[in-house]
Amino acid sequence: MSIETIEAEEIDVEEVLGSAIERREDPELVTGEGVYTDDVQDPELAHMAVLRSQYGHAEIDGIDTSEAEAMDGVIGVYTAEDIDEAGTPGDLPVGWLLPDLKTPSHPILAGDRARYQGDGVAVVVAEERYLAHDALDRIDVDYERLDAVVDPKAAVEADAPQLHDWSEDPTDTDVRDDEDIERVPPNQAFDWEIGDSEATDEAFENAAHTVEVDLENQRLIPNAMEPRATVAEYKPGTGEVEVQMTSQNPHLHRQLMSAVLDVPEHKLHIVAPEVGGGFGSKIHHYPDEALTCWCAMQLERPVKWQATRSETYLTDAHGRDHVTHAELAMDDAGTITGMRVTTYAGMGAYLSTFAPSIPTYLYGTLLSGQYDIPAIHCNVIGSFTNGAPVDAYRGAGRPEALYVVERLVTLGAREMGMDPAAFRRQNFIPEDDFPHETPVAVVYDSGDYEPALDAALEMVEYEELRERQAELREEDRYLGIGFSSYIEACGLAPSELAGQLGAQAGLWESGLVRVHPSGTVTAFCGTSGHGQGHETTYAQIVSDELGVPYEDIEIVEGDTDEIPQGMGTYGSRSAAVGGSALATSSQKVVDKARTIAAHLLETGEEDLEFENGEFNVAGAPERSMTIQEVAQQAYLAHNIPEGVEPGLEETSFYDPENFTFPFGTHVAVVEVDPESGEIEFHQYAAVDDVGNQINPKIVEGQIHGGIAQGIGQALYEGAVYDDNGTLLTGSMQDYAVPKAEHVPNMETDATVTPAPHNPLGVKGVGEAGTIASPQAVVNAVTDALQPFDIDHIDMPLTEEKVWRAVNGSEEGS
Amino acid sequence: MYPAPFEYERAESVEDALSLMDEHSDSITELLAGGHSLLPTMKAGLATPDVVIDIGEIDALRGIENAEGSITVGALTPYSAVDDSETVWTETAVFADAAHHIGDVQVRNRGTVGGNIAHADPASDLPAALLAADGTVIAHGPDGERSIAADEFFEASYMTALAEDELLTRIELPKRGGHAGAYAKKPSPSSGYAIVGVAVVLETDGNTVTDARVAVNGAMDHAVRLEPVEEALSGESFTDETITTAAERATDDLDTAMVMDDLQASNEFRAQLVEVYTERALDTALDRSSVAPPAAD
Ligand SMILES: Cc1cc2nc3c(=O)[nH]c(=O)nc-3n(C[C@H](O)[C@H](O)[C@H](O)COP(=O)(O)OP(=O)(O)OC[C@H]3O[C@@H](n4cnc5c(N)ncnc54)[C@H](O)[C@@H]3O)c2cc1C
């Protein structure tokens with residue numbers, strides 16, 4: 001059952017919030033009216049192309065650019081040397097630090113060594129885009145190939161090829177010179193832990209039952225529909241740099257790029273035009289966007305760079321890449337007593353912007369899942385490998401955590417001979433135990449897990465389904481039912497906590513609500529939507545708070561000159577943090593309007609009721625003023641109370657008290673053909689609790705997309721590098737992004753447990769589907785294959801892997 | 001990605017195409033038909049022709065003709081026209097079925113029968129169908145026209161019996177009303193091309209298979225017949241048991257070491273898929289044949 005959309009005109013103000021209003025951004029997007037970065041034109045425009053190392057690891061002994069420079073129409077060819085000579089800092093910062101984190105230099109062009117296939121070594125700027133690309137072929141780079149390492153675990157072995165030369169890193173000499181300290185493996189970026197290791201070991205010593213699993217959470221490639229792009233223009237007269245780029249967080253990009261290019265923040269204007277998806281990949285600060293600006297500054301000409309799809313595959317920050325050993329301890333009644341996890345997390349060749357936080361604070365902290373687990377310990381070793389840098393990708397750390405939890409719990413149920421749903425139920429954090437502090441440093445503020453599980457069981461008619469499974473097995477048909485009872489943490493906050501954990505940024509959000517003299521409204525938010533539908537949902541929030549018709553509200557995002565400040569859109573934070581900022585600003589607007597209205601209606605503020613955009617004097621409904629009328633008066637300022645400033649607009653910086661914790665249960669029902677390894681979905685049911693829903697259609701869309709992406713991980717996707725660090729899955733020919741035919745019909749339902757601490761009671765939904773679905777599918781397939789005694793198959797569950805598992809063969813991919 | 005610079009010529013007729021090919025015979029030339037193999041290869045830098053000769057506007061090469069004894073399909077006929085043709089479905093279902101399985105709607109509207117066969121990508125869908133249908137390729141060269149039997153046409157990966165100075169102008173497919181034909185394909189989840197695709201054509205007399213032609217795409221470096229399967233079917237009654245037994249022989253003549261081995265599937269697993277999809281193709285053929293009551297597809 002799919003949710004029907006409603007046209008905005010059909011809705012009264014009091015019903016706007018929570019209604020499935022049609023997305024207002026769609027007409028522009030589907031008619032081609034929307035302007036994406038590559039649509040930005042300028043008669044003076046020059047085009048930049050990046051020469052990228054074709055090798056995974058190579059010394060660069062020299063670069064001869066003369067032939068390219070001599071080409072007609074080539075304006076400039078630059079290498080790391082030129083950036084150095086210009087005195088540009090040119091080194092990308094790391095936005096999240098961990099104790100003893102190694103932060104190798106990440107230059108915007110590789111100087112003497114390329115560390116992954118795709119590492120930029122030179123750029124060409126030419127009059128035409130094709131010409132710029134042709135000129136790349138005329139640059140002669142003298143490479144000396146080096147051994148490469150691509151596996152996160154192998155990378156920290158003592159004899160692994162070393163990516164970064166630490167002897168040049170003064171901060172690291174202590175570690176290397178101190179004989180007493182066990183030498184840190186050269187490629188180890190960090191060694192991080194969370195939880196109580198002694199208590200956990202004790203839980204395992206006393207356990208009646210334990211299960212363990214070795215699993216990989218494979219490297220994924222984001223594949224936003226629009227590849228990254230930048231247009232930059234330098235204004236020599238003012239020293240300003242105007243940038244339009246594919247960004248999920250223009251203000252953050254401004255802050256970082258200001259340091260990279262040594263351009264003061266107030267001279268850098270960054271706009272995110274229409275952005276065609278990101279999934280995290282457009283959060284980070286990459287070399288290319290800075291290079292485009294740098295070239296524009298050098299040449300004093302507007303410069304455009306548009307990544308090709310191939311560049312996207314090579315250079316967009318990848319996701320996941322974990323190699324994990326995980327164990328679960330239980331007592332003899334099947335109650336979980338402990339969990340122990342060791343993970344090797346591939347960071348790729350350099351640390352991308354927020355990379356260190358993903359396999360640590362966004363991973364280890366979620367390992368308690370929905371369960372009451374007394375002791376958990378998790379150790380994560382981050383390693384440098386000759387691959388594209390790894391960073392946040394839809395879910396970012398949380399899918400990896402929930403995959404571990406839900407695989408372990410499924411195996412635990414199997415070990416105990418218990419039904420997997422019953423086993424989960426038995427171990428759920430009870431509803432009356434919230435707020436619940438987990439052993440991995442987070443406090444779940446709210447939750448009620450059984451109703452979601454019950455709803456999911458009902459949707460699939462669980463008991464009948466188990467009977468049917470048994471019947472089919474008699475006919476040698478293999479039906480499997482897989483559960484995923486997941487938890488998510490959205491809207492990482494508050495800023496103080498983020499700071500304690502190593503974030504080099506705050507995690508608040510700003511919202512400005514401006515009521516115009518005529519009573520229409522423009523609201524500005526520091527998040528930066530790129531497909532989510534913020535213009536619709538934010539307008540719903542503001543309309544509900546102000547009582548101004550939805551149609552009278554415009555939403556502005558993605559422009560550093562227009563919006564006070566911002567942290568951007570990622571981590572399912574926009575509604576919970578940005579939406580709350582707009583709600584808070586709206587409330588401040590109403591407060592000020594109330595003061596003015598009380599003055600004009602000659603009554604006390606406390607005697608004014610505010611409903612659906614109208615202030616009424618209690619008991620005298622004929623004495624009223626609309627908020628629009630108040631706005632007009634606020635700007636006329638002919639008669640406003642003393643001490644009140646004219647105008648009607650308010651800004652707030654909203655810093656949440658805590659994360660929000662969405663949860664739910666997904667159930668996948670599949671049939672596996674042991675002859676071909678093929679997996680067919682019979683059903684996919686999802687019950688998600690994302691708190692209050694601002695727009696159920698948009699929630700449904702996010703859930704659908706997330707599930708599709710998670711199924712992509714479960715069954716199809718996986719970045720494969722060969723031993724030389726060459727990406728074998730460098731295009732859609734070889735990397736299977738799921739298509740409509742690959743995803744099942746999804747049945748969705750919801751429970752609603754409002755988030756207790758934000759003004760809207762919303763939690764966030766952007767990543768829920770991706771966090772929930774992979775393990776539902778893997779659990780379903782391994783359930784189907786129980787007669788073959790198969791406990792685990794690593795993702796992606798390709799037909800060949802399934803077939804090999806059934807046929808007991810170890811070889812092959 | 002961006003293709004290297006090239007010269008573009010448009011041919012107005014077959015003769016014009018041949019003379020342009022001759023004129024540029026000292027350079028690397030490529031014919032542009034539907035462009036759905038050529039352009040991606042050029043964009044990826046895997047093909048860098050000096051001259052691209054566009055034959056796409058030669059209308060004489062487009063269309064399906066119901067001739068005596070055979071169906072003629074012009075080289076520029078798009079797959080969608082084949083799939084939409086009741087005549088092709090009736091007279092040589094295997095070919096229509098294979099066309100139906102190619103790519104997606106856009107690919108089927110742009111890609112051409114001649115381009116597919118001339119390009120001879122081992123993972124394409126039409127080659128095995130052409131083999132199973134016992135088709136003939138008609139080529140035009142400087143010395144005029146010649147016919148090449150399907151069995152002689154495919155030589156290796158992207159290699160055919162077509163000479164460099166020849167143009168594939170049409171194919172001929174023998175009419176086989178009353179036969180049973182089917183194509184079963186395992187598409188790659190990424191590219192949609194065949195990991196394996198099995199084409200079958202069976203002539204039956206009553207319940208007995210009198211002639212069988214079975215061929216596979218994707219398994220070897222070019223489409224090949226699966227003769228052991230054909231032998232196992234011929235003379236047998238067309239039943240589920242026969243199908244199972246025959247399908248088990250699908251890889252008997254295939255040298256496993258030579259079976260395609262790539263990221264999509266190892267040679268061992270491909271061999272397994274050849275058996276599975278041979279059985280599925282035969283099952284569909286059985287369902288469609290007069291032997292079994294017709295089933296909705
Ligand atoms: C997204 C996508 C998915 C696809 N999926 C499939 C699939 O599932 N199955 C499948 O079979 N194919 C698939 N294809 C390939 C498609 O079928 C191509 O159309 C086909 O391989 C080539 O035909 P064309 O007309 O496009 O030829 P072009 O690309 O124009 O030409 C290809 C080659 O054939 C030569 N050539 C073309 N016509 C002639 C002629 N008349 N005489 C001599 N030489 C000629 C050209 O010189 C060139 O070298 C797919 C393509 C794409 C882009």
# chains A, B, ... in the order shown; residues from 1 in each chain; ligands from 1

$ interface_residues --of "chain A" --to "chain B" --cutoff "8 Å" --atoms "only C-alpha atoms" --output "count of residues only"
19

$ select_by_dssp --residues "stretch 273-385 of chain A" --states "helix (DSSP H, G or I)" --output "PyMOL selection string"
chain A and resi 287-299+309-315+355-357+364-366

$ residues_near_ligand --ligand "ligand 1" --cutoff "6 Å" --atoms "only C-alpha atoms and all ligand atoms" --output "PyMOL selection string"
chain B and resi 30-38+75+102-103+107+111-112+114-116+118-119+124-126+167-169+192-193

$ atom_distance --atom1 "atom CA of A:Val690" --atom2 "atom CA of A:Ala345"
28.8 Å

$ atom_distance --atom1 "atom CA of B:Ala98" --atom2 "atom CA of B:Ala215"
11.8 Å

$ atom_distance --atom1 "atom CA of A:Gly76" --atom2 "atom CA of A:Glu289"
16.9 Å

$ closest_residue --among "B:Val82, B:Leu46, B:Ala99, B:Ala93" --to "B:Gly178" --atoms "only C-alpha atoms"
B:Ala93

$ residues_around --residues "B:Glu231" --least-positions-apart "6" --cutoff "10 Å" --atoms "only C-alpha atoms" --output "VMD selection string"
chain B and resid 211 to 214 246 249

$ write_last_selection --atoms "N, CA and C atoms" --output "PDB file, in the first residue's frame"
ATOM      1  N   ASP B 211      14.415 -32.283 -35.046  1.00  0.00           N
ATOM      2  CA  ASP B 211      15.653 -31.524 -35.260  1.00  0.00           C
ATOM      3  C   ASP B 211      15.796 -30.530 -34.111  1.00  0.00           C
ATOM      4  N   ALA B 212      17.017 -30.359 -33.656  1.00  0.00           N
ATOM      5  CA  ALA B 212      17.241 -29.417 -32.568  1.00  0.00           C
ATOM      6  C   ALA B 212      18.458 -28.587 -32.872  1.00  0.00           C
ATOM      7  N   ARG B 213      18.339 -27.287 -32.656  1.00  0.00           N
ATOM      8  CA  ARG B 213      19.508 -26.414 -32.745  1.00  0.00           C
ATOM      9  C   ARG B 213      19.578 -25.610 -31.455  1.00  0.00           C
ATOM     10  N   VAL B 214      20.700 -25.737 -30.771  1.00  0.00           N
ATOM     11  CA  VAL B 214      20.858 -25.089 -29.472  1.00  0.00           C
ATOM     12  C   VAL B 214      22.198 -24.353 -29.490  1.00  0.00           C
ATOM     13  N   ALA B 246      19.042 -33.782 -21.470  1.00  0.00           N
ATOM     14  CA  ALA B 246      19.763 -33.045 -22.507  1.00  0.00           C
ATOM     15  C   ALA B 246      20.536 -31.877 -21.901  1.00  0.00           C
ATOM     16  N   ARG B 249      23.921 -32.217 -20.525  1.00  0.00           N
ATOM     17  CA  ARG B 249      25.039 -32.393 -21.469  1.00  0.00           C
ATOM     18  C   ARG B 249      25.509 -31.059 -22.067  1.00  0.00           C
TER      19      ARG B 249
END

$ residues_around --residues "A:Pro621" --least-positions-apart "2" --cutoff "12 Å" --atoms "only C-alpha atoms" --output "number ranges by chain"
A: 601, 607-611, 614-619, 623-625

$ closest_residue --among "B:Ala281, B:Leu76, B:Val229, B:Ile117" --to "B:Leu162" --atoms "only C-alpha atoms"
B:Ile117

$ residues_around --residues "stretch 477-487 of chain A" --least-positions-apart "5" --cutoff "8 Å" --atoms "only C-alpha atoms" --output "JSON, numbers by chain"
{"A": [366, 369, 370, 402, 406, 410, 420, 421, 424, 453, 469, 472, 661, 662, 663, 664, 665, 666, 667, 668, 669, 670, 671, 672, 673, 771, 772, 773, 775, 776, 777, 778, 779, 780, 781, 782, 783, 784, 785]}

$ write_last_selection --atoms "N, CA, C and O atoms" --output "short mmCIF file (atom, residue, chain, number, x, y, z; two decimals), in the first residue's frame"
data_model
loop_
_atom_site.label_atom_id
_atom_site.label_comp_id
_atom_site.auth_asym_id
_atom_site.auth_seq_id
_atom_site.Cartn_x
_atom_site.Cartn_y
_atom_site.Cartn_z
N LEU A 366 26.90 2.05 18.10
CA LEU A 366 25.59 1.50 17.73
C LEU A 366 25.52 -0.01 17.93
O LEU A 366 24.53 -0.64 17.59
N GLY A 369 22.58 -2.12 19.35
CA GLY A 369 21.36 -2.35 18.58
C GLY A 369 20.12 -2.08 19.43
O GLY A 369 20.08 -1.11 20.20
N GLN A 370 19.14 -2.92 19.29
CA GLN A 370 17.91 -2.77 20.08
C GLN A 370 17.98 -3.58 21.37
O GLN A 370 16.97 -3.76 22.05
N LEU A 402 25.00 -2.31 12.49
CA LEU A 402 23.77 -3.10 12.58
C LEU A 402 23.89 -4.40 11.82
O LEU A 402 23.23 -5.39 12.15
N GLU A 406 22.93 -7.65 13.86
CA GLU A 406 21.83 -8.48 13.40
C GLU A 406 22.27 -9.82 12.82
O GLU A 406 21.52 -10.78 12.83
N THR A 410 21.09 -13.23 14.83
CA THR A 410 20.50 -14.32 14.05
C THR A 410 21.24 -15.64 14.33
O THR A 410 20.63 -16.69 14.52
N PRO A 420 14.14 -16.74 15.56
CA PRO A 420 14.88 -15.48 15.56
C PRO A 420 14.06 -14.28 16.02
O PRO A 420 14.62 -13.34 16.59
N ALA A 421 12.76 -14.32 15.79
CA ALA A 421 11.93 -13.20 16.27
C ALA A 421 11.80 -13.27 17.79
O ALA A 421 11.91 -12.26 18.49
N ARG A 424 15.00 -12.20 19.46
CA ARG A 424 15.13 -10.73 19.48
C ARG A 424 14.24 -10.15 20.57
O ARG A 424 14.67 -9.32 21.37
N LEU A 453 8.20 -4.83 15.76
CA LEU A 453 8.42 -6.24 15.43
C LEU A 453 7.07 -6.93 15.19
O LEU A 453 6.90 -7.65 14.21
N GLN A 469 7.32 -22.44 4.73
CA GLN A 469 8.74 -22.73 4.56
C GLN A 469 9.00 -24.23 4.73
O GLN A 469 9.71 -24.85 3.94
N LEU A 472 7.60 -26.19 1.75
CA LEU A 472 8.41 -26.05 0.54
C LEU A 472 9.70 -26.85 0.64
O LEU A 472 10.19 -27.39 -0.35
N PHE A 661 16.99 8.58 17.88
CA PHE A 661 17.22 7.14 17.69
C PHE A 661 16.03 6.46 17.00
O PHE A 661 15.21 5.82 17.65
N PRO A 662 15.94 6.59 15.69
CA PRO A 662 14.92 5.84 14.96
C PRO A 662 15.19 4.34 15.08
O PRO A 662 16.32 3.93 15.39
N PHE A 663 14.17 3.57 14.85
CA PHE A 663 14.34 2.11 14.92
C PHE A 663 13.24 1.46 14.11
O PHE A 663 12.34 2.14 13.61
N GLY A 664 13.31 0.16 14.01
CA GLY A 664 12.24 -0.55 13.32
C GLY A 664 12.64 -1.98 13.07
O GLY A 664 13.72 -2.42 13.49
N THR A 665 11.75 -2.70 12.44
CA THR A 665 12.06 -4.07 12.06
C THR A 665 11.71 -4.25 10.58
O THR A 665 10.62 -3.89 10.16
N HIS A 666 12.67 -4.78 9.85
CA HIS A 666 12.42 -5.15 8.46
C HIS A 666 12.46 -6.68 8.35
O HIS A 666 13.24 -7.33 9.04
N VAL A 667 11.61 -7.20 7.49
CA VAL A 667 11.62 -8.64 7.24
C VAL A 667 11.70 -8.89 5.74
O VAL A 667 10.89 -8.35 4.98
N ALA A 668 12.69 -9.67 5.35
CA ALA A 668 12.81 -10.07 3.95
C ALA A 668 12.42 -11.53 3.84
O ALA A 668 12.80 -12.35 4.69
N VAL A 669 11.67 -11.83 2.80
CA VAL A 669 11.31 -13.21 2.53
C VAL A 669 11.81 -13.54 1.13
O VAL A 669 11.41 -12.88 0.16
N VAL A 670 12.70 -14.51 1.06
CA VAL A 670 13.30 -14.82 -0.24
C VAL A 670 13.22 -16.31 -0.52
O VAL A 670 13.06 -17.12 0.40
N GLU A 671 13.35 -16.63 -1.78
CA GLU A 671 13.53 -18.04 -2.14
C GLU A 671 14.85 -18.17 -2.88
O GLU A 671 15.16 -17.35 -3.75
N VAL A 672 15.61 -19.17 -2.50
CA VAL A 672 16.92 -19.36 -3.10
C VAL A 672 16.89 -20.62 -3.96
O VAL A 672 16.40 -21.67 -3.53
N ASP A 673 17.42 -20.49 -5.17
CA ASP A 673 17.53 -21.64 -6.06
C ASP A 673 18.95 -22.18 -5.96
O ASP A 673 19.89 -21.55 -6.44
N ILE A 771 20.38 1.26 6.51
CA ILE A 771 20.90 0.66 7.73
C ILE A 771 20.18 -0.65 8.02
O ILE A 771 20.76 -1.61 8.51
N ALA A 772 18.91 -0.69 7.66
CA ALA A 772 18.09 -1.85 8.04
C ALA A 772 18.19 -3.02 7.07
O ALA A 772 18.15 -4.18 7.49
N SER A 773 18.29 -2.72 5.77
CA SER A 773 17.97 -3.78 4.83
C SER A 773 19.05 -4.83 4.54
O SER A 773 18.70 -5.99 4.32
N GLN A 775 21.14 -6.65 6.25
CA GLN A 775 21.11 -7.86 7.08
C GLN A 775 19.77 -8.59 7.01
O GLN A 775 19.72 -9.80 7.20
N ALA A 776 18.69 -7.86 6.71
CA ALA A 776 17.41 -8.56 6.54
C ALA A 776 17.54 -9.55 5.39
O ALA A 776 17.10 -10.70 5.47
N VAL A 777 18.21 -9.10 4.32
CA VAL A 777 18.36 -9.95 3.14
C VAL A 777 19.34 -11.10 3.41
O VAL A 777 19.06 -12.26 3.11
N VAL A 778 20.47 -10.77 4.02
CA VAL A 778 21.47 -11.82 4.27
C VAL A 778 20.90 -12.84 5.27
O VAL A 778 21.08 -14.06 5.10
N ASN A 779 20.19 -12.36 6.26
CA ASN A 779 19.57 -13.29 7.21
C ASN A 779 18.53 -14.16 6.53
O ASN A 779 18.36 -15.34 6.87
N ALA A 780 17.82 -13.60 5.56
CA ALA A 780 16.82 -14.38 4.84
C ALA A 780 17.49 -15.47 4.01
O ALA A 780 17.05 -16.63 4.00
N VAL A 781 18.57 -15.10 3.33
CA VAL A 781 19.24 -16.09 2.47
C VAL A 781 19.85 -17.20 3.32
O VAL A 781 19.71 -18.39 3.01
N THR A 782 20.50 -16.83 4.42
CA THR A 782 21.10 -17.88 5.25
C THR A 782 20.02 -18.71 5.95
O THR A 782 20.20 -19.90 6.19
N ASP A 783 18.87 -18.11 6.20
CA ASP A 783 17.74 -18.88 6.75
C ASP A 783 17.27 -19.90 5.72
O ASP A 783 17.03 -21.06 6.03
N ALA A 784 17.17 -19.44 4.47
CA ALA A 784 16.74 -20.35 3.41
C ALA A 784 17.71 -21.53 3.28
O ALA A 784 17.30 -22.65 3.01
N LEU A 785 18.98 -21.24 3.50
CA LEU A 785 20.00 -22.26 3.27
C LEU A 785 20.34 -23.06 4.52
O LEU A 785 21.34 -23.79 4.54
#

$ select_by_dssp --residues "stretch 136-242 of chain B" --states "strand (DSSP E or B)" --output "VMD selection string"
chain B and resid 136 to 141 144 to 149 154 to 156 159 to 160 167 to 174 180 to 187 194 to 205 208 to 217 224 to 225 237

$ residues_around --residues "stretch 133-145 of chain B" --least-positions-apart "2" --cutoff "7 Å" --atoms "only C-alpha atoms" --output "PyMOL selection string"
chain B and resi 18+92+94-95+129-131+147-150+165-174+201

$ write_last_selection --atoms "N, CA, C and O atoms" --output "CSV table (one decimal), in the first residue's frame"
chain,number,residue,atom,x,y,z
B,18,LEU,N,30.1,1.9,-49.1
B,18,LEU,CA,31.2,1.1,-49.6
B,18,LEU,C,32.3,2.0,-50.2
B,18,LEU,O,33.5,1.8,-49.9
B,92,THR,N,10.0,-17.4,-36.4
B,92,THR,CA,11.4,-17.8,-35.8
B,92,THR,C,11.4,-17.1,-34.4
B,92,THR,O,12.2,-16.2,-34.2
B,94,VAL,N,12.7,-17.8,-31.7
B,94,VAL,CA,14.0,-17.6,-30.9
B,94,VAL,C,14.6,-16.3,-31.2
B,94,VAL,O,15.2,-15.7,-30.2
B,95,PHE,N,14.5,-15.8,-32.4
B,95,PHE,CA,15.2,-14.5,-32.7
B,95,PHE,C,14.4,-13.4,-32.1
B,95,PHE,O,15.1,-12.5,-31.5
B,129,ALA,N,21.1,-16.7,-31.1
B,129,ALA,CA,19.8,-16.8,-31.7
B,129,ALA,C,19.9,-17.0,-33.2
B,129,ALA,O,19.2,-17.8,-33.8
B,130,LEU,N,20.9,-16.3,-33.8
B,130,LEU,CA,21.1,-16.5,-35.2
B,130,LEU,C,21.6,-17.9,-35.5
B,130,LEU,O,21.1,-18.5,-36.5
B,131,LEU,N,22.4,-18.4,-34.7
B,131,LEU,CA,22.9,-19.8,-34.8
B,131,LEU,C,21.7,-20.8,-34.7
B,131,LEU,O,21.6,-21.7,-35.5
B,147,SER,N,26.7,-14.6,-49.2
B,147,SER,CA,25.9,-15.1,-48.1
B,147,SER,C,26.9,-15.9,-47.2
B,147,SER,O,27.8,-16.6,-47.7
B,148,ILE,N,26.7,-15.7,-45.9
B,148,ILE,CA,27.6,-16.4,-45.0
B,148,ILE,C,26.6,-17.1,-44.0
B,148,ILE,O,25.8,-16.5,-43.3
B,149,ALA,N,26.8,-18.4,-43.9
B,149,ALA,CA,25.9,-19.2,-43.0
B,149,ALA,C,26.3,-18.8,-41.5
B,149,ALA,O,27.5,-18.5,-41.2
B,150,ALA,N,25.3,-18.7,-40.7
B,150,ALA,CA,25.5,-18.4,-39.3
B,150,ALA,C,26.7,-19.2,-38.7
B,150,ALA,O,27.5,-18.7,-38.0
B,165,ASP,N,36.2,-4.7,-45.7
B,165,ASP,CA,35.6,-3.8,-46.6
B,165,ASP,C,34.1,-4.2,-46.9
B,165,ASP,O,33.6,-3.8,-47.9
B,166,GLU,N,33.6,-5.0,-46.0
B,166,GLU,CA,32.2,-5.4,-46.2
B,166,GLU,C,31.2,-4.8,-45.3
B,166,GLU,O,31.6,-4.5,-44.1
B,167,LEU,N,30.0,-4.7,-45.8
B,167,LEU,CA,28.9,-4.2,-45.0
B,167,LEU,C,27.9,-5.3,-44.8
B,167,LEU,O,27.6,-6.0,-45.7
B,168,LEU,N,27.5,-5.5,-43.6
B,168,LEU,CA,26.4,-6.4,-43.3
B,168,LEU,C,25.1,-5.7,-43.7
B,168,LEU,O,24.8,-4.7,-43.2
B,169,THR,N,24.4,-6.3,-44.7
B,169,THR,CA,23.2,-5.5,-45.1
B,169,THR,C,21.9,-6.1,-44.6
B,169,THR,O,20.9,-5.4,-44.4
B,170,ARG,N,21.8,-7.4,-44.5
B,170,ARG,CA,20.6,-8.1,-43.9
B,170,ARG,C,20.9,-9.5,-43.4
B,170,ARG,O,22.0,-10.0,-43.7
B,171,ILE,N,20.0,-10.0,-42.7
B,171,ILE,CA,20.1,-11.4,-42.4
B,171,ILE,C,18.8,-12.1,-42.9
B,171,ILE,O,17.8,-11.5,-43.0
B,172,GLU,N,19.0,-13.4,-43.1
B,172,GLU,CA,17.8,-14.2,-43.5
B,172,GLU,C,17.6,-15.3,-42.5
B,172,GLU,O,18.5,-16.0,-42.1
B,173,LEU,N,16.4,-15.5,-42.1
B,173,LEU,CA,16.0,-16.5,-41.1
B,173,LEU,C,15.0,-17.4,-41.7
B,173,LEU,O,13.9,-17.0,-42.1
B,174,PRO,N,15.3,-18.7,-41.7
B,174,PRO,CA,14.4,-19.6,-42.3
B,174,PRO,C,13.1,-19.6,-41.6
B,174,PRO,O,13.1,-19.6,-40.3
B,201,VAL,N,16.0,-24.0,-30.8
B,201,VAL,CA,14.9,-24.2,-31.8
B,201,VAL,C,14.7,-25.7,-32.0
B,201,VAL,O,15.7,-26.5,-32.2
